[in-house]
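K.L.:
This is my_file-v2.csv (CSV, C-alpha atoms).
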```
chain,number,residue,atom,x,y,z
U,1,MET,CA,0.0,0.0,0.0
U,2,PRO,CA,2.8,2.5,0.2
U,3,ILE,CA,1.8,5.4,-2.0
U,4,ILE,CA,4.3,7.9,-3.4
U,5,THR,CA,2.8,11.2,-4.6
U,6,LEU,CA,4.8,13.7,-6.4
U,7,GLU,CA,3.9,17.4,-6.7
U,8,GLY,CA,6.2,18.9,-9.3
U,9,PRO,CA,6.6,20.7,-12.6
U,10,GLN,CA,5.9,18.9,-15.9
U,11,VAL,CA,8.0,15.8,-16.4
U,12,ALA,CA,9.9,16.1,-19.7
U,13,ASN,CA,8.6,13.1,-21.6
U,14,LEU,CA,7.3,9.6,-21.3
U,15,ASN,CA,10.6,7.9,-21.0
U,16,THR,CA,11.7,10.2,-18.1
U,17,ARG,CA,8.4,9.4,-16.5
U,18,ARG,CA,9.0,5.7,-16.9
U,19,THR,CA,12.4,5.8,-15.3
U,20,PHE,CA,11.1,8.1,-12.5
U,21,ILE,CA,8.3,5.7,-11.6
U,22,ARG,CA,10.7,2.8,-11.7
U,23,GLU,CA,13.2,4.5,-9.4
U,24,LEU,CA,10.6,5.8,-6.9
U,25,THR,CA,9.1,2.3,-6.7
U,26,ASP,CA,12.5,0.6,-6.2
U,27,ALA,CA,13.3,2.9,-3.4
U,28,ALA,CA,10.0,2.0,-1.6
U,29,VAL,CA,10.6,-1.8,-2.3
U,30,LYS,CA,13.9,-1.5,-0.6
U,31,ALA,CA,12.7,0.6,2.3
U,32,TYR,CA,9.8,-1.6,3.2
U,33,GLY,CA,10.8,-5.0,1.9
U,34,LEU,CA,7.5,-5.3,0.1
U,35,PRO,CA,6.9,-6.7,-3.4
U,36,GLN,CA,6.7,-4.0,-6.1
U,37,GLU,CA,3.1,-4.9,-6.8
U,38,LYS,CA,2.2,-3.1,-3.6
U,39,ILE,CA,3.8,0.2,-4.5
U,40,ILE,CA,1.7,3.0,-6.2
U,41,VAL,CA,3.1,6.2,-7.6
U,42,ILE,CA,1.1,9.2,-8.6
U,43,LEU,CA,2.6,12.1,-10.5
U,44,HIS,CA,0.8,15.4,-10.2
U,45,GLU,CA,2.3,17.8,-12.6
U,46,ASN,CA,1.6,21.4,-12.0
U,47,SER,CA,1.8,24.4,-14.4
U,48,ARG,CA,3.8,27.4,-13.6
U,49,GLU,CA,0.6,29.4,-12.9
U,50,GLN,CA,-0.3,27.0,-10.1
U,51,VAL,CA,2.9,27.1,-8.0
U,52,GLY,CA,4.4,29.9,-5.9
U,53,VAL,CA,7.9,30.0,-4.4
U,54,ALA,CA,9.1,32.8,-2.2
U,55,GLY,CA,5.7,34.5,-2.6
U,56,GLU,CA,5.9,34.7,-6.4
U,57,LEU,CA,4.2,32.6,-9.1
U,58,LEU,CA,6.8,30.4,-10.9
U,59,ALA,CA,5.3,31.9,-14.1
U,60,ASP,CA,6.6,35.4,-13.0
U,61,ARG,CA,10.0,34.3,-11.8
U,62,ASP,CA,12.0,33.4,-14.9
P,1,MET,CA,-15.2,19.4,8.0
P,2,PRO,CA,-14.4,15.8,7.1
P,3,ILE,CA,-12.9,15.9,3.7
P,4,ILE,CA,-12.7,12.8,1.5
P,5,THR,CA,-10.2,12.9,-1.4
P,6,LEU,CA,-10.1,10.3,-4.0
P,7,GLU,CA,-7.1,9.7,-6.2
P,8,GLY,CA,-8.2,7.3,-8.9
P,9,PRO,CA,-8.6,6.8,-12.6
P,10,GLN,CA,-11.3,8.6,-14.6
P,11,VAL,CA,-14.8,8.0,-13.4
P,12,ALA,CA,-17.1,6.7,-16.2
P,13,ASN,CA,-19.7,9.5,-16.4
P,14,LEU,CA,-21.6,12.1,-14.5
P,15,ASN,CA,-24.2,9.7,-13.0
P,16,THR,CA,-21.5,7.4,-11.6
P,17,ARG,CA,-19.9,10.5,-10.2
P,18,ARG,CA,-23.1,11.6,-8.5
P,19,THR,CA,-23.7,8.2,-6.9
P,20,PHE,CA,-20.1,7.9,-5.8
P,21,ILE,CA,-20.2,11.3,-4.1
P,22,ARG,CA,-23.5,10.5,-2.4
P,23,GLU,CA,-22.2,7.2,-1.1
P,24,LEU,CA,-18.9,8.5,0.2
P,25,THR,CA,-20.8,11.3,1.9
P,26,ASP,CA,-23.2,8.9,3.5
P,27,ALA,CA,-20.4,6.8,4.9
P,28,ALA,CA,-18.9,9.9,6.5
P,29,VAL,CA,-22.2,11.1,7.9
P,30,LYS,CA,-22.7,7.7,9.5
P,31,ALA,CA,-19.1,7.4,10.9
P,32,TYR,CA,-19.1,10.9,12.4
P,33,GLY,CA,-22.7,11.6,13.2
P,34,LEU,CA,-22.3,14.9,11.5
P,35,PRO,CA,-24.9,16.6,9.1
P,36,GLN,CA,-24.1,16.0,5.5
P,37,GLU,CA,-23.5,19.8,4.9
P,38,LYS,CA,-20.2,19.3,6.7
P,39,ILE,CA,-18.9,16.6,4.3
P,40,ILE,CA,-16.7,17.6,1.3
P,41,VAL,CA,-15.6,15.2,-1.4
P,42,ILE,CA,-12.9,15.9,-4.0
P,43,LEU,CA,-12.4,13.6,-6.9
P,44,HIS,CA,-8.9,13.7,-8.4
P,45,GLU,CA,-9.0,11.7,-11.6
P,46,ASN,CA,-5.6,10.8,-13.0
P,47,SER,CA,-4.7,9.8,-16.5
P,48,ARG,CA,-2.9,6.5,-17.2
P,49,GLU,CA,0.3,8.5,-17.9
P,50,GLN,CA,0.3,9.8,-14.3
P,51,VAL,CA,0.1,6.6,-12.3
P,52,GLY,CA,2.5,3.8,-11.8
P,53,VAL,CA,1.8,0.4,-10.2
P,54,ALA,CA,4.6,-2.2,-9.6
P,55,GLY,CA,7.1,0.2,-11.2
P,56,GLU,CA,5.2,0.5,-14.5
P,57,LEU,CA,3.1,3.3,-15.9
P,58,LEU,CA,-0.5,2.2,-16.1
P,59,ALA,CA,-0.4,3.3,-19.7
P,60,ASP,CA,2.2,0.6,-20.4
P,61,ARG,CA,0.4,-2.2,-18.5
P,62,ASP,CA,-2.5,-3.1,-20.6
I,1,MET,CA,-5.2,1.7,-7.3
I,2,PRO,CA,-8.0,4.1,-6.2
I,3,ILE,CA,-7.0,5.7,-2.9
I,4,ILE,CA,-9.5,7.3,-0.6
I,5,THR,CA,-7.9,9.6,2.0
I,6,LEU,CA,-10.0,11.1,4.8
I,7,GLU,CA,-9.0,14.2,6.7
I,8,GLY,CA,-11.3,14.4,9.6
I,9,PRO,CA,-11.7,14.5,13.4
I,10,GLN,CA,-11.0,11.4,15.5
I,11,VAL,CA,-13.2,8.4,14.6
I,12,ALA,CA,-15.1,7.2,17.7
I,13,ASN,CA,-13.8,3.6,18.0
I,14,LEU,CA,-12.5,0.6,16.1
I,15,ASN,CA,-15.8,-0.7,15.1
I,16,THR,CA,-16.9,2.6,13.6
I,17,ARG,CA,-13.6,2.6,11.8
I,18,ARG,CA,-14.2,-0.8,10.4
I,19,THR,CA,-17.6,0.1,9.1
I,20,PHE,CA,-16.3,3.4,7.6
I,21,ILE,CA,-13.5,1.7,5.7
I,22,ARG,CA,-15.9,-1.0,4.5
I,23,GLU,CA,-18.4,1.5,3.2
I,24,LEU,CA,-15.9,3.8,1.5
I,25,THR,CA,-14.4,0.8,-0.2
I,26,ASP,CA,-17.7,-0.5,-1.4
I,27,ALA,CA,-18.5,2.9,-2.9
I,28,ALA,CA,-15.3,2.8,-4.9
I,29,VAL,CA,-15.8,-0.8,-6.0
I,30,LYS,CA,-19.2,0.2,-7.3
I,31,ALA,CA,-18.0,3.4,-9.0
I,32,TYR,CA,-15.0,1.8,-10.8
I,33,GLY,CA,-16.1,-1.8,-11.2
I,34,LEU,CA,-12.8,-2.9,-9.7
I,35,PRO,CA,-12.2,-5.7,-7.3
I,36,GLN,CA,-12.0,-4.6,-3.6
I,37,GLU,CA,-8.4,-5.7,-3.4
I,38,LYS,CA,-7.5,-2.6,-5.5
I,39,ILE,CA,-9.0,-0.1,-3.1
I,40,ILE,CA,-6.9,1.6,-0.4
I,41,VAL,CA,-8.4,3.8,2.4
I,42,ILE,CA,-6.3,6.1,4.6
I,43,LEU,CA,-7.8,7.8,7.7
I,44,HIS,CA,-6.0,10.9,8.8
I,45,GLU,CA,-7.5,11.9,12.1
I,46,ASN,CA,-6.7,15.4,13.2
I,47,SER,CA,-6.9,16.9,16.7
I,48,ARG,CA,-8.9,20.0,17.4
I,49,GLU,CA,-5.7,22.0,17.6
I,50,GLN,CA,-4.8,21.2,14.0
I,51,VAL,CA,-8.0,22.3,12.2
I,52,GLY,CA,-9.5,25.7,11.6
I,53,VAL,CA,-12.9,26.5,10.3
I,54,ALA,CA,-14.1,30.1,9.6
I,55,GLY,CA,-10.7,31.4,10.8
I,56,GLU,CA,-10.9,29.8,14.2
I,57,LEU,CA,-9.3,26.7,15.7
I,58,LEU,CA,-11.8,24.0,16.3
I,59,ALA,CA,-10.4,23.8,19.8
I,60,ASP,CA,-11.6,27.4,20.4
I,61,ARG,CA,-15.0,26.9,18.9
I,62,ASP,CA,-17.0,24.7,21.2
K,1,MET,CA,10.0,23.6,3.5
K,2,PRO,CA,6.6,24.6,4.7
K,3,ILE,CA,4.2,23.7,1.9
K,4,ILE,CA,0.7,25.2,1.6
K,5,THR,CA,-1.6,23.3,-0.7
K,6,LEU,CA,-5.0,24.7,-1.7
K,7,GLU,CA,-7.9,22.6,-2.9
K,8,GLY,CA,-10.5,25.0,-4.2
K,9,PRO,CA,-12.5,26.2,-7.1
K,10,GLN,CA,-10.9,28.1,-10.0
K,11,VAL,CA,-9.2,31.3,-9.0
K,12,ALA,CA,-10.6,34.3,-10.9
K,13,ASN,CA,-7.5,35.6,-12.7
K,14,LEU,CA,-3.7,35.9,-12.6
K,15,ASN,CA,-3.7,38.9,-10.4
K,16,THR,CA,-5.9,37.3,-7.8
K,17,ARG,CA,-3.6,34.3,-7.9
K,18,ARG,CA,-0.5,36.5,-7.4
K,19,THR,CA,-2.1,38.2,-4.3
K,20,PHE,CA,-3.3,34.9,-2.9
K,21,ILE,CA,0.1,33.3,-3.2
K,22,ARG,CA,1.8,36.4,-1.6
K,23,GLU,CA,-0.6,36.4,1.3
K,24,LEU,CA,-0.4,32.7,2.0
K,25,THR,CA,3.4,33.0,1.9
K,26,ASP,CA,3.4,35.9,4.2
K,27,ALA,CA,1.3,34.1,6.8
K,28,ALA,CA,3.7,31.2,6.8
K,29,VAL,CA,6.8,33.4,7.0
K,30,LYS,CA,5.2,35.1,10.1
K,31,ALA,CA,4.1,31.8,11.7
K,32,TYR,CA,7.5,30.1,11.3
K,33,GLY,CA,10.0,32.9,11.3
K,34,LEU,CA,11.5,31.4,8.1
K,35,PRO,CA,12.7,33.3,5.0
K,36,GLN,CA,10.1,33.5,2.2
K,37,GLU,CA,12.4,31.4,-0.1
K,38,LYS,CA,11.5,28.4,2.0
K,39,ILE,CA,7.7,28.7,1.5
K,40,ILE,CA,6.0,26.8,-1.4
K,41,VAL,CA,2.4,27.2,-2.4
K,42,ILE,CA,0.5,24.9,-4.7
K,43,LEU,CA,-3.0,25.8,-6.0
K,44,HIS,CA,-5.1,22.9,-7.1
K,45,GLU,CA,-8.1,24.3,-8.8
K,46,ASN,CA,-11.0,21.9,-9.2
K,47,SER,CA,-13.9,22.0,-11.6
K,48,ARG,CA,-17.5,21.8,-10.3
K,49,GLU,CA,-17.7,18.2,-11.6
K,50,GLN,CA,-14.9,17.2,-9.3
K,51,VAL,CA,-16.3,18.4,-6.0
K,52,GLY,CA,-19.2,17.3,-3.8
K,53,VAL,CA,-20.7,19.2,-0.8
K,54,ALA,CA,-23.5,17.7,1.3
K,55,GLY,CA,-23.6,14.7,-1.0
K,56,GLU,CA,-24.2,16.7,-4.2
K,57,LEU,CA,-21.9,17.7,-7.1
K,58,LEU,CA,-21.2,21.4,-7.0
K,59,ALA,CA,-22.2,21.3,-10.7
K,60,ASP,CA,-25.7,20.3,-9.6
K,61,ARG,CA,-26.1,22.7,-6.8
K,62,ASP,CA,-26.5,26.1,-8.4
V,1,MET,CA,-15.1,24.5,0.4
V,2,PRO,CA,-11.6,25.8,-0.2
V,3,ILE,CA,-9.3,23.8,1.9
V,4,ILE,CA,-5.8,24.9,2.8
V,5,THR,CA,-3.5,22.2,4.0
V,6,LEU,CA,-0.1,23.0,5.5
V,7,GLU,CA,2.7,20.5,5.7
V,8,GLY,CA,5.4,22.1,7.9
V,9,PRO,CA,7.5,21.8,11.0
V,10,GLN,CA,5.9,22.2,14.4
V,11,VAL,CA,4.2,25.5,15.0
V,12,ALA,CA,5.6,27.3,18.1
V,13,ASN,CA,2.5,27.6,20.2
V,14,LEU,CA,-1.3,27.9,20.3
V,15,ASN,CA,-1.3,31.7,19.7
V,16,THR,CA,0.9,31.4,16.7
V,17,ARG,CA,-1.4,28.7,15.4
V,18,ARG,CA,-4.5,30.9,15.9
V,19,THR,CA,-2.9,33.8,14.0
V,20,PHE,CA,-1.7,31.5,11.3
V,21,ILE,CA,-5.2,30.0,10.7
V,22,ARG,CA,-6.8,33.5,10.8
V,23,GLU,CA,-4.4,34.8,8.1
V,24,LEU,CA,-4.6,31.8,5.8
V,25,THR,CA,-8.4,32.0,6.1
V,26,ASP,CA,-8.4,35.7,5.3
V,27,ALA,CA,-6.3,35.2,2.2
V,28,ALA,CA,-8.8,32.6,0.9
V,29,VAL,CA,-11.8,34.8,1.7
V,30,LYS,CA,-10.2,37.6,-0.3
V,31,ALA,CA,-9.2,35.4,-3.2
V,32,TYR,CA,-12.5,33.7,-3.6
V,33,GLY,CA,-15.0,36.3,-2.3
V,34,LEU,CA,-16.5,33.5,-0.1
V,35,PRO,CA,-17.7,33.8,3.5
V,36,GLN,CA,-15.1,32.6,6.0
V,37,GLU,CA,-17.4,29.8,7.1
V,38,LYS,CA,-16.5,28.0,3.9
V,39,ILE,CA,-12.8,28.0,4.5
V,40,ILE,CA,-11.1,25.0,6.2
V,41,VAL,CA,-7.4,25.0,7.3
V,42,ILE,CA,-5.6,21.8,8.3
V,43,LEU,CA,-2.1,22.0,9.9
V,44,HIS,CA,0.0,18.9,9.5
V,45,GLU,CA,3.0,19.3,11.7
V,46,ASN,CA,5.9,17.0,10.9
V,47,SER,CA,8.8,15.9,13.1
V,48,ARG,CA,12.4,16.4,11.9
V,49,GLU,CA,12.6,12.6,11.4
V,50,GLN,CA,9.8,12.7,8.8
V,51,VAL,CA,11.2,15.3,6.4
V,52,GLY,CA,14.1,15.4,4.0
V,53,VAL,CA,15.6,18.3,2.2
V,54,ALA,CA,18.4,18.0,-0.3
V,55,GLY,CA,18.5,14.2,0.3
V,56,GLU,CA,19.0,14.6,4.1
V,57,LEU,CA,16.8,14.1,7.0
V,58,LEU,CA,16.1,17.5,8.7
V,59,ALA,CA,17.1,15.7,11.9
V,60,ASP,CA,20.6,15.2,10.5
V,61,ARG,CA,21.0,18.7,9.1
V,62,ASP,CA,21.4,21.0,12.1
N,1,MET,CA,10.1,22.6,-5.5
N,2,PRO,CA,9.3,19.0,-6.4
N,3,ILE,CA,7.7,17.5,-3.3
N,4,ILE,CA,7.6,13.7,-2.8
N,5,THR,CA,5.1,12.6,-0.1
N,6,LEU,CA,4.9,9.0,1.0
N,7,GLU,CA,1.9,7.5,2.7
N,8,GLY,CA,3.0,4.2,4.1
N,9,PRO,CA,3.4,2.0,7.1
N,10,GLN,CA,6.1,2.7,9.7
N,11,VAL,CA,9.6,2.7,8.3
N,12,ALA,CA,11.9,0.3,10.2
N,13,ASN,CA,14.5,2.6,11.6
N,14,LEU,CA,16.4,5.8,11.1
N,15,ASN,CA,19.0,4.4,8.7
N,16,THR,CA,16.3,2.9,6.5
N,17,ARG,CA,14.7,6.3,6.6
N,18,ARG,CA,17.9,8.0,5.6
N,19,THR,CA,18.5,5.7,2.6
N,20,PHE,CA,14.9,6.0,1.5
N,21,ILE,CA,15.0,9.9,1.5
N,22,ARG,CA,18.3,9.8,-0.3
N,23,GLU,CA,17.0,7.5,-3.1
N,24,LEU,CA,13.7,9.3,-3.6
N,25,THR,CA,15.6,12.6,-3.8
N,26,ASP,CA,18.1,11.2,-6.3
N,27,ALA,CA,15.2,9.9,-8.5
N,28,ALA,CA,13.7,13.4,-8.6
N,29,VAL,CA,17.1,15.1,-9.3
N,30,LYS,CA,17.5,12.8,-12.3
N,31,ALA,CA,13.9,13.2,-13.6
N,32,TYR,CA,14.0,17.0,-13.4
N,33,GLY,CA,17.6,17.9,-13.8
N,34,LEU,CA,17.2,20.1,-10.7
N,35,PRO,CA,19.8,20.6,-7.9
N,36,GLN,CA,19.0,18.3,-4.8
N,37,GLU,CA,18.4,21.4,-2.7
N,38,LYS,CA,15.1,21.8,-4.4
N,39,ILE,CA,13.7,18.4,-3.5
N,40,ILE,CA,11.6,17.9,-0.5
N,41,VAL,CA,10.5,14.5,0.9
N,42,ILE,CA,7.8,14.0,3.5
N,43,LEU,CA,7.2,10.6,5.1
N,44,HIS,CA,3.7,10.1,6.5
N,45,GLU,CA,3.8,6.9,8.5
N,46,ASN,CA,0.5,5.4,9.3
N,47,SER,CA,-0.5,2.9,11.9
N,48,ARG,CA,-2.4,-0.3,11.0
N,49,GLU,CA,-5.5,1.1,12.5
N,50,GLN,CA,-5.5,4.0,10.0
N,51,VAL,CA,-5.3,2.0,6.8
N,52,GLY,CA,-7.7,-0.2,5.0
N,53,VAL,CA,-7.1,-2.5,2.0
N,54,ALA,CA,-9.8,-4.5,0.4
N,55,GLY,CA,-12.3,-3.1,2.8
N,56,GLU,CA,-10.5,-4.3,5.9
N,57,LEU,CA,-8.3,-2.6,8.4
N,58,LEU,CA,-4.7,-3.6,8.1
N,59,ALA,CA,-4.8,-4.3,11.9
N,60,ASP,CA,-7.5,-7.0,11.2
N,61,ARG,CA,-5.7,-8.6,8.3
N,62,ASP,CA,-2.7,-10.4,9.7
```
Give the structure from the file, written as C-alpha cells.
P.N.:
Amino acid sequence: MPIITLEGPQVANLNTRRTFIRELTDAAVKAYGLPQEKIIVILHENSREQVGVAGELLADRD
Amino acid sequence: MPIITLEGPQVANLNTRRTFIRELTDAAVKAYGLPQEKIIVILHENSREQVGVAGELLADRD
Amino acid sequence: MPIITLEGPQVANLNTRRTFIRELTDAAVKAYGLPQEKIIVILHENSREQVGVAGELLADRD
Amino acid sequence: MPIITLEGPQVANLNTRRTFIRELTDAAVKAYGLPQEKIIVILHENSREQVGVAGELLADRD
Amino acid sequence: MPIITLEGPQVANLNTRRTFIRELTDAAVKAYGLPQEKIIVILHENSREQVGVAGELLADRD
Amino acid sequence: MPIITLEGPQVANLNTRRTFIRELTDAAVKAYGLPQEKIIVILHENSREQVGVAGELLADRD
C-alpha cells in the first residue's frame, strides 16, 4: 500500500516518466521489503501558474 | 469538515460520479454523526500516464 | 489503485472505523467496477488544535 | 520547507492568484520565522464536476 | 469548500497557530469572495525525522 | 520545488529512513535535472488502525 505522490513541474517526456516511476518504486521496495506490486506512484504535474515559491508565481520568476 | 479525497482513474460518467459522491458522503455522515452539509468530497481523476503500479506506468500495462 | 484519503476528526472507535472503511471501499468498488483488493483507504485523524474553520481553531469553537 | 496546498474552485485571474500566493506565503513566514524562499504554495483548482458538498456535485447545486 | 493544508514543522504555540489559521483563512476569503465559514485549514506538523531536504533528514542537518 | 510525499506503514529505523529519503531525492534530481536542494520529501507513516485494504483494516488482516 505505500503510495508515493509527487507534486512537481511537468516531467519532460514519457521515458523520463517511466524511469522516474521505476526508481521511486525501487526505493520503496527496498525501504519496506514489500513486493513491487504493492507500490503506487502518482505524478501530479503542475503548471507554472499553479505554483508559488518565495511569494511569487513560478510563471513570474523566470 | 471531514474531507474525502479520491485519487483514482477517470470516473465513467456524471451519473456514476453523483452516486459515488453520495455514497462517500453517507459513509462519513454515519461514521461521524455529522450533518451532510459538513462533508466535502474531492475527486482527483488521473490519466494512465500519471500513475505507476509495480514500477510501471498504467499506460504501459494493458 | 483508487486511494481514498480522509482528513477528519477522530473516529469514535475501532468498530466505527471498520464500518467506515468498508463503506468507503464499497462505494469505490461500485464506481469503478474494480475488485475490492485494489481499493486503499487512509484515515488521517486530526486533533482540534490542528484544524481551523471560519478562521478559528476547532479547539476554540466549542 | 513549509508547503501550503490549496484545494479550491478556480481562482478568478492571474492577479488574484498573485495576491493569494503572496498572502499565504506571508502568513507562513510570520508563523515560522523562516525566510520566504522556504515557502512553497500549490494551487489545485478543481472543476465543479470534481467536488461534492452535502452529497451533491457542485455542478448540480446552483 | 476551499481547503488549505499545511505541511510544515511544528508551529511554536497555540497563539501562533491561531494567528496563522486566521491569516490563511483571510487570504482565501479575499481570493474567492466567499464567506469565511466556507474555509477550512488543516495544519499537518511533521517531526524532523519525517522530512528530508536535499536528500538529508532535517534531523541530521542542524 | 518538487515534493515527494509518502503514505505508508512505519519505516523500520532511522537508517532505512535516511537511505529512503536519499533515493527518492536522487530519482527526482534525475527526472527534473534540478539541484538536490530543491527536492523535499515528506514521510507520513500510518498505523495499522488507520489504513484499509480490500475493505479491511490492516490491523485486522494479519
K.L.:
Please provide the set of residues having any atom within 7 Å of N:Ile21, restricted to all atoms listed in the file, with same-chain residues fewer than 5 positions apart removed, written as a PDB file with C-alpha atoms, in the frame of the given file.
P.N.:
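Writing the result to result10.pdb gives the following:
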```
ATOM      1  CA  GLY V  52      14.100  15.400   4.000  1.00  0.00           C
ATOM      2  CA  GLY V  55      18.500  14.200   0.300  1.00  0.00           C
ATOM      3  CA  GLU V  56      19.000  14.600   4.100  1.00  0.00           C
TER       4      GLU V  56
ATOM      5  CA  VAL N  41      10.500  14.500   0.900  1.00  0.00           C
TER       6      VAL N  41
END
```
K.L.:
Identify every residue of chain I that has at least one atom within 12 Å of any atom of chain N, counting only C-alpha atoms, and report the result as a ChimeraX atom specification.
P.N.:
/I:1-8,10-11,13-29,34-46
K.L.:
What is the atom CA of I:Tyr32-atom CA of P:Leu58 distance in Å, reported with one decimal?
P.N.:
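So the answer is 15.4 Å.
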K.L.:
By how many Å are atom CA of N:Ala12 and atom CA of V:Arg61 apart?
P.N.:
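It comes out at 20.6 Å.
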K.L.:
Interatomic distance between atom CA of N:Ala59 and atom CA of I:Lys30?
P.N.:
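It comes out at 24.4 Å.
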K.L.:
Can you take the partial stretch 28-48 of chain U, add N, CA and C atoms, and return it as an mmCIF file, in the coordinates of the input?
P.N.:
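selection24.cif written:
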```cif
data_model
loop_
_atom_site.group_PDB
_atom_site.id
_atom_site.type_symbol
_atom_site.label_atom_id
_atom_site.label_comp_id
_atom_site.auth_asym_id
_atom_site.auth_seq_id
_atom_site.Cartn_x
_atom_site.Cartn_y
_atom_site.Cartn_z
ATOM 1 N N ALA U 28 11.022 2.401 -2.614
ATOM 2 C CA ALA U 28 10.000 2.000 -1.600
ATOM 3 C C ALA U 28 10.109 0.455 -1.370
ATOM 4 N N VAL U 29 10.364 -0.304 -2.431
ATOM 5 C CA VAL U 29 10.600 -1.800 -2.300
ATOM 6 C C VAL U 29 11.681 -2.039 -1.293
ATOM 7 N N LYS U 30 12.766 -1.322 -1.468
ATOM 8 C CA LYS U 30 13.900 -1.500 -0.600
ATOM 9 C C LYS U 30 13.660 -1.051 0.822
ATOM 10 N N ALA U 31 12.982 0.084 0.979
ATOM 11 C CA ALA U 31 12.700 0.600 2.300
ATOM 12 C C ALA U 31 11.792 -0.279 3.123
ATOM 13 N N TYR U 32 10.825 -0.882 2.452
ATOM 14 C CA TYR U 32 9.800 -1.600 3.200
ATOM 15 C C TYR U 32 9.948 -3.157 3.045
ATOM 16 N N GLY U 33 10.775 -3.605 2.117
ATOM 17 C CA GLY U 33 10.800 -5.000 1.900
ATOM 18 C C GLY U 33 9.523 -5.628 1.420
ATOM 19 N N LEU U 34 8.779 -4.826 0.668
ATOM 20 C CA LEU U 34 7.500 -5.300 0.100
ATOM 21 C C LEU U 34 7.671 -5.594 -1.378
ATOM 22 N N PRO U 35 6.835 -6.480 -1.933
ATOM 23 C CA PRO U 35 6.900 -6.700 -3.400
ATOM 24 C C PRO U 35 6.457 -5.470 -4.146
ATOM 25 N N GLN U 36 7.008 -5.279 -5.338
ATOM 26 C CA GLN U 36 6.700 -4.000 -6.100
ATOM 27 C C GLN U 36 5.263 -3.883 -6.451
ATOM 28 N N GLU U 37 4.525 -4.973 -6.488
ATOM 29 C CA GLU U 37 3.100 -4.900 -6.800
ATOM 30 C C GLU U 37 2.334 -4.023 -5.796
ATOM 31 N N LYS U 38 2.894 -3.857 -4.610
ATOM 32 C CA LYS U 38 2.200 -3.100 -3.600
ATOM 33 C C LYS U 38 2.433 -1.581 -3.685
ATOM 34 N N ILE U 39 3.353 -1.170 -4.540
ATOM 35 C CA ILE U 39 3.800 0.200 -4.500
ATOM 36 C C ILE U 39 3.023 1.018 -5.638
ATOM 37 N N ILE U 40 2.435 2.135 -5.231
ATOM 38 C CA ILE U 40 1.700 3.000 -6.200
ATOM 39 C C ILE U 40 2.417 4.352 -6.227
ATOM 40 N N VAL U 41 2.563 4.855 -7.445
ATOM 41 C CA VAL U 41 3.100 6.200 -7.600
ATOM 42 C C VAL U 41 2.147 7.057 -8.382
ATOM 43 N N ILE U 42 1.948 8.276 -7.908
ATOM 44 C CA ILE U 42 1.100 9.200 -8.600
ATOM 45 C C ILE U 42 1.879 10.494 -8.878
ATOM 46 N N LEU U 43 1.913 10.894 -10.135
ATOM 47 C CA LEU U 43 2.600 12.100 -10.500
ATOM 48 C C LEU U 43 1.652 13.238 -10.782
ATOM 49 N N HIS U 44 1.647 14.223 -9.932
ATOM 50 C CA HIS U 44 0.800 15.400 -10.200
ATOM 51 C C HIS U 44 1.721 16.502 -10.733
ATOM 52 N N GLU U 45 1.510 16.774 -11.995
ATOM 53 C CA GLU U 45 2.300 17.800 -12.600
ATOM 54 C C GLU U 45 1.579 19.105 -12.692
ATOM 55 N N ASN U 46 2.234 20.136 -12.211
ATOM 56 C CA ASN U 46 1.600 21.400 -12.000
ATOM 57 C C ASN U 46 2.157 22.446 -13.030
ATOM 58 N N SER U 47 1.297 23.313 -13.525
ATOM 59 C CA SER U 47 1.800 24.400 -14.400
ATOM 60 C C SER U 47 2.424 25.483 -13.602
ATOM 61 N N ARG U 48 3.128 26.351 -14.280
ATOM 62 C CA ARG U 48 3.800 27.400 -13.600
ATOM 63 C C ARG U 48 2.879 28.524 -13.097
#
```
